[in-house]
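Enquirer: Here it is, the structure in full.
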Amino acid sequence: MQYLVTGVAGFIGSHIAQELLRRGERVRGVDNFVTGTRENLKELGGLEFQQADLRDLAAMRAACRGVDYVFHEAALASVPRSVKDPVSTNDANVTGTLNLLVAAREAGVKRVIYAESSSAYGDTPTLPKREDMLPNPISPYAVSKLGGEHYMAAFYRVYGLETVSLRYFNVFGPRQAADSPYSGVLAKFISMMLEGKQPTIFGDGEQSRDFTYVDNVVQANLRACTAAREAVCGRAFNIALGERYTLNQTFAVLRGITGYQGEPAYAAERAGDVKHSQADITLATQQLGYAPPVSFEEGLHRTVAWYRQELAKSGVAAASSRA
Ligand code: UD2
């Protein structure tokens, strides 16, 4: 089998590619390095890499040639980025996804698995979120990811291209970028706390998230490839832990793991933010055989250990450049 991972130099894409390579599979990856990094590719020995942008249909045609399965992880993620620049988010996430689907269909790809987002649910009061609830996106980012999901379903219905959408809930883990204003909260908090810097909580910290360790998401993707067509294609599945933690609770747990002594700063709530998010993962459990292997705390421990190691490496590099 030949696999294609879009966004392979990004956080989640690099983890999926790494697991496929570990299993001895043939993996091609594309990335435009807008948010992905060359550093992330270093872990991916054996990867066939093409630098390409999803907005370039000809490049997507070249990427899909001879491919059996596509994991579509490339996107401009981040709610605040989309609030600031909705057009770029739409170009990458909606037009980019459409181009990929057109190319995948022409190339006779067997199945496309899509990184959808829990932001599709928006701020509806009902918890946990179930796939049969009406979507209610708030931010341009949420609209763009949901747009991609609708294209996935349409390509299955209209052209018979097999597609599966996985609605990821706040994924975290090693290699998640921590150095951008648009970084995920756990990447930011962990790296700051390890450096003794004070993190800022937007709002009162009582907002909650279903934080999901990246290995759980990798498992879901691999199962989505092999699950029965009639059970999964043209559909969307929540991929999460099925629990929720407030930012205040999470900060307290991280204080224990990182050894950070200070308190968080508090600032105004972020525009487009959802208050509470938690998944019902019954459907993915039943139809994909999804069973998240890593708990929240275990995931935090592994993630902190990774950032600690990175910090030690950069400390060594800084010391040797001074010498
Ligand atoms: C959304 C989606 C998630 C994924 C992600 C990609 C929801 C519920 N989740 O995550 O599935 O698609 O987008 O970007 O829509 N925060 C702080 N301080 C900081 C940074 C963030 O307090 O320095 C808060 C932020 O206001 C929010 C929470 O932490 O309440 C999580 O923010 P995030 O950017 O990590 O992820 P979120 O929930 O927008």
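Residue numbers start at 1 in each chain; chains themselves are named A, B, ... in the order of the structure tokens; ligands are numbered from 1 in the order shown.
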I want to know what sits within 9 Å of Ala220 (chain A), based on only C-alpha atoms, with residues of the same chain fewer than 5 positions away left out; could you give that as a list in words?

Expert: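 Final neighbour list, sorted by chain and number: Leu166, Asp215, Cys225, Ile239, Ala284, Leu288, Gly289, Tyr290, Ala291 and Pro292 of chain A.
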
Enquirer: For those residues, write all heavy atoms to a file as an mmCIF file, in the first residue's frame.

Expert:
data_model
loop_
_atom_site.group_PDB
_atom_site.id
_atom_site.type_symbol
_atom_site.label_atom_id
_atom_site.label_comp_id
_atom_site.auth_asym_id
_atom_site.auth_seq_id
_atom_site.Cartn_x
_atom_site.Cartn_y
_atom_site.Cartn_z
ATOM 1 N N LEU A 166 -12.698 12.640 10.857
ATOM 2 C CA LEU A 166 -12.461 12.409 12.290
ATOM 3 C C LEU A 166 -12.445 13.760 12.990
ATOM 4 O O LEU A 166 -11.593 14.608 12.685
ATOM 5 C CB LEU A 166 -11.121 11.680 12.487
ATOM 6 C CG LEU A 166 -10.990 10.345 11.755
ATOM 7 C CD1 LEU A 166 -9.602 9.726 12.020
ATOM 8 C CD2 LEU A 166 -12.089 9.369 12.167
ATOM 9 N N ASP A 215 -1.276 9.996 20.337
ATOM 10 C CA ASP A 215 -1.262 8.567 19.972
ATOM 11 C C ASP A 215 -2.690 8.034 19.787
ATOM 12 O O ASP A 215 -2.914 7.112 18.994
ATOM 13 C CB ASP A 215 -0.571 7.728 21.060
ATOM 14 C CG ASP A 215 0.944 7.891 21.035
ATOM 15 O OD1 ASP A 215 1.430 8.847 20.389
ATOM 16 O OD2 ASP A 215 1.644 7.076 21.660
ATOM 17 N N CYS A 225 -8.868 3.579 8.210
ATOM 18 C CA CYS A 225 -8.448 3.035 6.909
ATOM 19 C C CYS A 225 -9.061 1.674 6.631
ATOM 20 O O CYS A 225 -9.386 1.350 5.499
ATOM 21 C CB CYS A 225 -6.939 2.796 6.930
ATOM 22 S SG CYS A 225 -6.008 4.086 6.259
ATOM 23 N N ILE A 239 -13.209 11.986 17.848
ATOM 24 C CA ILE A 239 -11.986 11.316 18.305
ATOM 25 C C ILE A 239 -11.446 12.116 19.484
ATOM 26 O O ILE A 239 -10.987 13.250 19.326
ATOM 27 C CB ILE A 239 -10.953 11.198 17.173
ATOM 28 C CG1 ILE A 239 -11.548 10.394 16.006
ATOM 29 C CG2 ILE A 239 -9.660 10.562 17.688
ATOM 30 C CD1 ILE A 239 -12.021 8.980 16.339
ATOM 31 N N ALA A 284 -17.374 6.156 17.526
ATOM 32 C CA ALA A 284 -16.042 5.738 17.061
ATOM 33 C C ALA A 284 -15.663 4.388 17.676
ATOM 34 O O ALA A 284 -15.017 3.556 17.031
ATOM 35 C CB ALA A 284 -15.006 6.789 17.426
ATOM 36 N N LEU A 288 -15.380 2.147 14.544
ATOM 37 C CA LEU A 288 -13.954 2.112 14.167
ATOM 38 C C LEU A 288 -13.151 1.165 15.050
ATOM 39 O O LEU A 288 -11.974 0.917 14.796
ATOM 40 C CB LEU A 288 -13.320 3.505 14.309
ATOM 41 C CG LEU A 288 -13.851 4.646 13.450
ATOM 42 C CD1 LEU A 288 -13.210 5.960 13.866
ATOM 43 C CD2 LEU A 288 -13.543 4.379 11.983
ATOM 44 N N GLY A 289 -13.770 0.705 16.143
ATOM 45 C CA GLY A 289 -13.014 -0.085 17.110
ATOM 46 C C GLY A 289 -12.018 0.787 17.854
ATOM 47 O O GLY A 289 -10.987 0.332 18.362
ATOM 48 N N TYR A 290 -12.332 2.098 17.932
ATOM 49 C CA TYR A 290 -11.436 3.065 18.588
ATOM 50 C C TYR A 290 -11.450 2.858 20.102
ATOM 51 O O TYR A 290 -12.509 2.743 20.711
ATOM 52 C CB TYR A 290 -11.920 4.478 18.236
ATOM 53 C CG TYR A 290 -11.265 5.603 19.011
ATOM 54 C CD1 TYR A 290 -9.914 5.888 18.859
ATOM 55 C CD2 TYR A 290 -12.011 6.397 19.881
ATOM 56 C CE1 TYR A 290 -9.321 6.933 19.551
ATOM 57 C CE2 TYR A 290 -11.435 7.448 20.577
ATOM 58 C CZ TYR A 290 -10.095 7.705 20.409
ATOM 59 O OH TYR A 290 -9.502 8.735 21.099
ATOM 60 N N ALA A 291 -10.261 2.779 20.697
ATOM 61 C CA ALA A 291 -10.137 2.629 22.159
ATOM 62 C C ALA A 291 -8.896 3.399 22.574
ATOM 63 O O ALA A 291 -7.786 2.886 22.457
ATOM 64 C CB ALA A 291 -10.010 1.155 22.531
ATOM 65 N N PRO A 292 -9.059 4.669 22.995
ATOM 66 C CA PRO A 292 -7.874 5.507 23.237
ATOM 67 C C PRO A 292 -6.906 4.869 24.217
ATOM 68 O O PRO A 292 -7.276 4.591 25.355
ATOM 69 C CB PRO A 292 -8.463 6.809 23.796
ATOM 70 C CG PRO A 292 -9.884 6.506 24.148
ATOM 71 C CD PRO A 292 -10.313 5.346 23.323
#

Enquirer: What's around Ser117 (chain A) at 9 Å? Count only C-alpha atoms, leave out sequence neighbours fewer than 2 positions away in its own chain, and write the answer as number ranges by chain.

Expert: A: 115, 119-121, 142, 145-146, 166-170, 238

Enquirer: Okay, now the selection with C-alpha atoms, as an mmCIF file, in the first residue's frame?

Expert:
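Below is the file result06.cif, written as the result:
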data_model
loop_
_atom_site.group_PDB
_atom_site.id
_atom_site.type_symbol
_atom_site.label_atom_id
_atom_site.label_comp_id
_atom_site.auth_asym_id
_atom_site.auth_seq_id
_atom_site.Cartn_x
_atom_site.Cartn_y
_atom_site.Cartn_z
ATOM 1 C CA ALA A 115 -8.695 15.789 10.197
ATOM 2 C CA SER A 119 -14.975 23.221 16.812
ATOM 3 C CA ALA A 120 -17.807 22.131 14.480
ATOM 4 C CA TYR A 121 -20.062 21.803 17.543
ATOM 5 C CA ALA A 142 -14.645 26.099 12.650
ATOM 6 C CA LYS A 145 -13.032 22.691 8.911
ATOM 7 C CA LEU A 146 -16.730 21.883 8.713
ATOM 8 C CA LEU A 166 -12.461 12.409 12.290
ATOM 9 C CA ARG A 167 -13.470 15.257 14.577
ATOM 10 C CA TYR A 168 -10.390 15.720 16.743
ATOM 11 C CA PHE A 169 -10.882 17.222 20.201
ATOM 12 C CA ASN A 170 -7.925 19.377 21.378
ATOM 13 C CA ASN A 238 -15.596 12.137 17.439
#

Enquirer: Go through A:Lys42, A:Arg65, A:Thr37, A:Asp53 and flag the residue nearest Gln2 (chain A), using only C-alpha atoms for the distances.

Expert: A:Arg65

Enquirer: Distance limit 6 Å, reference ligand 1, atoms considered: only C-alpha atoms and all ligand atoms. Which residues make the cut? Give them as a PyMOL selection string.

Expert: chain A and resi 77-79+117-119+168-170+184-185+200-202+207+270+273-274+277

Enquirer: With a distance cut-off of 9 Å and only C-alpha atoms, select the neighbouring residues of Leu101 (chain A), excluding the residue or stretch itself and same-chain residues fewer than 3 positions from it, and output the selection as a list in words.

Expert: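 Neighbouring residues, sequence-local ones excluded: Met60, Gly96, Thr97, Leu98, Ala104, Arg105, Glu106, Val112, Tyr151, Met152, Phe155 and Leu161 of chain A.
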
Enquirer: Smallest atom-to-atom distance to Lys188 (chain A): which of A:Ser295, A:Thr282, A:Arg175, A:Asn40, using only C-alpha atoms?

Expert: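 Selected residue with least distance to Lys188 (chain A): A:Arg175.
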
Enquirer: Find the residue from A:Ala178, A:Val217, A:Ala9, A:Ala267 that sits nearest to Phe237 (chain A); use only C-alpha atoms when measuring.

Expert: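 The shortest atom-to-atom distance to Phe237 (chain A) comes from A:Val217.
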
Enquirer: Measure the distance from CA of Asp132 (chain A) to CA of Ser208 (chain A) in Å and round it to one decimal.

Expert: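 Computing it gives 21.4 Å between the two atoms.
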
Enquirer: Between CA of Ser82 (chain A) and CA of Gly148 (chain A), what is the distance in Å, rounded to a tenth?

Expert: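 These two atoms are separated by 15.1 Å.
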
Enquirer: Do you know which residues are at most 8 Å from Ala227 (chain A) counting only C-alpha atoms, after dropping those on the same chain fewer than 3 positions away, and could you put them as a ChimeraX atom specification?

Expert: /A:223-224,231-232,287-288

Enquirer: Pick out the closest residue to Pro140 (chain A) from this set: A:Gln309, A:Ser88, A:Thr6, A:Gln219. Count only C-alpha atoms.

Expert: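 Comparing A:Gln309, A:Ser88, A:Thr6, A:Gln219 against Pro140 (chain A), the winner is A:Ser88.
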
Enquirer: From the options A:Gly196, A:Pro264, A:Pro135, A:Gly36, which residue's atoms come nearest to Ala236 (chain A), counting only C-alpha atoms?

Expert: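 Ranking A:Gly196, A:Pro264, A:Pro135, A:Gly36 by distance to Ala236 (chain A), first place goes to A:Pro135.
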
Enquirer: For a quick check of understanding, using only C-alpha atoms, which of A:Arg209, A:Val5, A:Tyr182, A:Ser191 has the smallest distance to Gln18 (chain A)?

Expert: A:Val5

Enquirer: Return as a list in words the full set of residues in region 135-284 of chain A whose backbone-based DSSP assignment is strand (DSSP E or B).

Expert: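 Selecting the strand (DSSP E or B) positions of region 135-284 of chain A gives Glu162, Thr163, Val164, Ser165, Leu166, Arg167, Tyr168, Val171, Phe172, Thr200, Ile201, Phe202, Ser208, Arg209, Thr212, Tyr213, Arg235, Ala236, Phe237, Asn238, Ile239, Tyr245, Thr246, Ala265, Tyr266, Ala267, His276 and Ala279 of chain A.
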
Enquirer: Contacts of Phe296 (chain A) at 12 Å or less, counting only C-alpha atoms, minus same-chain residues fewer than 4 places along, as a list of chain:residue names?

Expert: A:Asn170, A:Val171, A:Phe172, A:Gly173, A:Leu186, A:Arg209, A:Asp210, A:Phe211, A:Thr212, A:Tyr213, A:Val214, A:Asp215, A:Asn216, A:Ala240, A:Leu241, A:Gly242, A:Glu243, A:Arg244, A:Tyr245, A:Gln249, A:Thr250, A:Val253, A:Leu254, A:Pro292, A:Leu300, A:His301, A:Arg302, A:Thr303

Enquirer: Can you measure CA of Gly205 (chain A) to CA of Leu247 (chain A) for me? One decimal in Å is fine.

Expert: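 If I compute the distance from CA of Gly205 (chain A) to CA of Leu247 (chain A), I get 4.9 Å.
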
Enquirer: Can you list, as a compact mmCIF listing (two decimals) with N, CA, C and O atoms, in the first residue's frame, all residues belonging to region 24-110 of chain A that DSSP tags as alpha helix (DSSP H)?

Expert:
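Dumped everything to part_31.txt:
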# COMPACT_ATOMS: atom_id res chain seq x y z
N ARG A 38 10.91 21.64 9.14
CA ARG A 38 11.85 20.62 8.66
C ARG A 38 12.34 19.76 9.82
O ARG A 38 12.64 18.58 9.65
N GLU A 39 12.42 20.35 10.97
CA GLU A 39 12.82 19.64 12.19
C GLU A 39 11.96 18.38 12.39
O GLU A 39 12.46 17.30 12.69
N ASN A 40 10.65 18.52 12.18
CA ASN A 40 9.74 17.38 12.38
C ASN A 40 10.01 16.25 11.39
O ASN A 40 9.70 15.08 11.68
N LEU A 41 10.57 16.57 10.22
CA LEU A 41 10.83 15.53 9.22
C LEU A 41 12.02 14.66 9.60
O LEU A 41 12.16 13.55 9.10
N LEU A 57 -3.41 22.75 -7.42
CA LEU A 57 -4.07 21.50 -7.84
C LEU A 57 -3.09 20.57 -8.58
O LEU A 57 -3.12 19.35 -8.37
N ALA A 58 -2.22 21.15 -9.41
CA ALA A 58 -1.25 20.31 -10.14
C ALA A 58 -0.34 19.58 -9.16
O ALA A 58 -0.04 18.39 -9.34
N ALA A 59 0.07 20.26 -8.10
CA ALA A 59 0.93 19.62 -7.09
C ALA A 59 0.17 18.52 -6.36
O ALA A 59 0.75 17.47 -6.03
N MET A 60 -1.11 18.73 -6.12
CA MET A 60 -1.90 17.68 -5.46
C MET A 60 -2.08 16.47 -6.37
O MET A 60 -2.09 15.33 -5.91
N ARG A 61 -2.18 16.74 -7.67
CA ARG A 61 -2.28 15.60 -8.63
C ARG A 61 -1.00 14.77 -8.57
O ARG A 61 -1.05 13.54 -8.55
N ALA A 62 0.13 15.46 -8.52
CA ALA A 62 1.42 14.75 -8.45
C ALA A 62 1.52 13.98 -7.13
O ALA A 62 1.99 12.84 -7.09
N ALA A 63 1.05 14.58 -6.07
CA ALA A 63 1.14 13.95 -4.74
C ALA A 63 0.28 12.69 -4.66
O ALA A 63 0.63 11.73 -3.98
N CYS A 64 -0.87 12.70 -5.34
CA CYS A 64 -1.82 11.58 -5.22
C CYS A 64 -1.52 10.41 -6.18
O CYS A 64 -2.14 9.35 -6.06
N VAL A 79 -8.20 28.98 16.08
CA VAL A 79 -9.35 29.88 16.09
C VAL A 79 -8.89 31.34 15.95
O VAL A 79 -9.34 32.06 15.06
N PRO A 80 -7.95 31.82 16.80
CA PRO A 80 -7.57 33.24 16.70
C PRO A 80 -6.92 33.61 15.37
O PRO A 80 -7.11 34.71 14.87
N ARG A 81 -6.16 32.69 14.76
CA ARG A 81 -5.57 32.98 13.44
C ARG A 81 -6.69 33.26 12.44
O ARG A 81 -6.62 34.17 11.62
N SER A 82 -7.76 32.44 12.52
CA SER A 82 -8.86 32.59 11.56
C SER A 82 -9.66 33.86 11.82
O SER A 82 -10.21 34.45 10.90
N VAL A 83 -9.70 34.29 13.07
CA VAL A 83 -10.42 35.53 13.40
C VAL A 83 -9.64 36.70 12.79
O VAL A 83 -10.22 37.64 12.25
N LYS A 84 -8.32 36.61 12.84
CA LYS A 84 -7.47 37.67 12.31
C LYS A 84 -7.44 37.66 10.77
O LYS A 84 -7.45 38.69 10.14
N PRO A 86 -9.44 35.46 8.06
CA PRO A 86 -10.34 34.36 7.64
C PRO A 86 -10.09 33.88 6.22
O PRO A 86 -10.34 32.72 5.91
N VAL A 87 -9.57 34.75 5.35
CA VAL A 87 -9.41 34.35 3.94
C VAL A 87 -8.33 33.28 3.79
O VAL A 87 -8.53 32.27 3.12
N SER A 88 -7.17 33.49 4.46
CA SER A 88 -6.11 32.47 4.36
C SER A 88 -6.58 31.14 4.94
O SER A 88 -6.26 30.08 4.40
N THR A 89 -7.30 31.21 6.04
CA THR A 89 -7.81 29.98 6.65
C THR A 89 -8.73 29.26 5.67
O THR A 89 -8.64 28.04 5.48
N ASN A 90 -9.60 30.01 5.02
CA ASN A 90 -10.52 29.40 4.07
C ASN A 90 -9.77 28.81 2.87
O ASN A 90 -10.06 27.70 2.43
N GLY A 96 -8.08 24.11 -0.27
CA GLY A 96 -7.03 23.09 -0.21
C GLY A 96 -7.63 21.69 -0.13
O GLY A 96 -7.20 20.77 -0.82
N THR A 97 -8.63 21.53 0.70
CA THR A 97 -9.28 20.22 0.85
C THR A 97 -9.99 19.81 -0.44
O THR A 97 -9.92 18.65 -0.87
N LEU A 98 -10.65 20.77 -1.08
CA LEU A 98 -11.34 20.48 -2.34
C LEU A 98 -10.33 20.03 -3.41
O LEU A 98 -10.55 19.03 -4.10
N ASN A 99 -9.21 20.74 -3.52
CA ASN A 99 -8.18 20.34 -4.50
C ASN A 99 -7.69 18.93 -4.25
O ASN A 99 -7.53 18.13 -5.16
N LEU A 100 -7.45 18.63 -2.97
CA LEU A 100 -6.96 17.31 -2.63
C LEU A 100 -7.98 16.23 -3.03
O LEU A 100 -7.62 15.18 -3.57
N LEU A 101 -9.24 16.49 -2.77
CA LEU A 101 -10.28 15.51 -3.10
C LEU A 101 -10.38 15.30 -4.61
O LEU A 101 -10.54 14.17 -5.08
N VAL A 102 -10.30 16.39 -5.37
CA VAL A 102 -10.35 16.28 -6.83
C VAL A 102 -9.19 15.40 -7.31
O VAL A 102 -9.37 14.47 -8.10
N ALA A 103 -7.99 15.69 -6.77
CA ALA A 103 -6.80 14.93 -7.18
C ALA A 103 -6.90 13.47 -6.73
O ALA A 103 -6.54 12.56 -7.48
N ALA A 104 -7.40 13.25 -5.54
CA ALA A 104 -7.51 11.87 -5.00
C ALA A 104 -8.48 11.05 -5.85
O ALA A 104 -8.23 9.88 -6.16
N ARG A 105 -9.57 11.68 -6.24
CA ARG A 105 -10.56 10.96 -7.05
C ARG A 105 -9.97 10.60 -8.41
O ARG A 105 -10.08 9.45 -8.87
N GLU A 106 -9.31 11.55 -9.04
CA GLU A 106 -8.71 11.29 -10.36
C GLU A 106 -7.67 10.18 -10.28
O GLU A 106 -7.51 9.40 -11.21
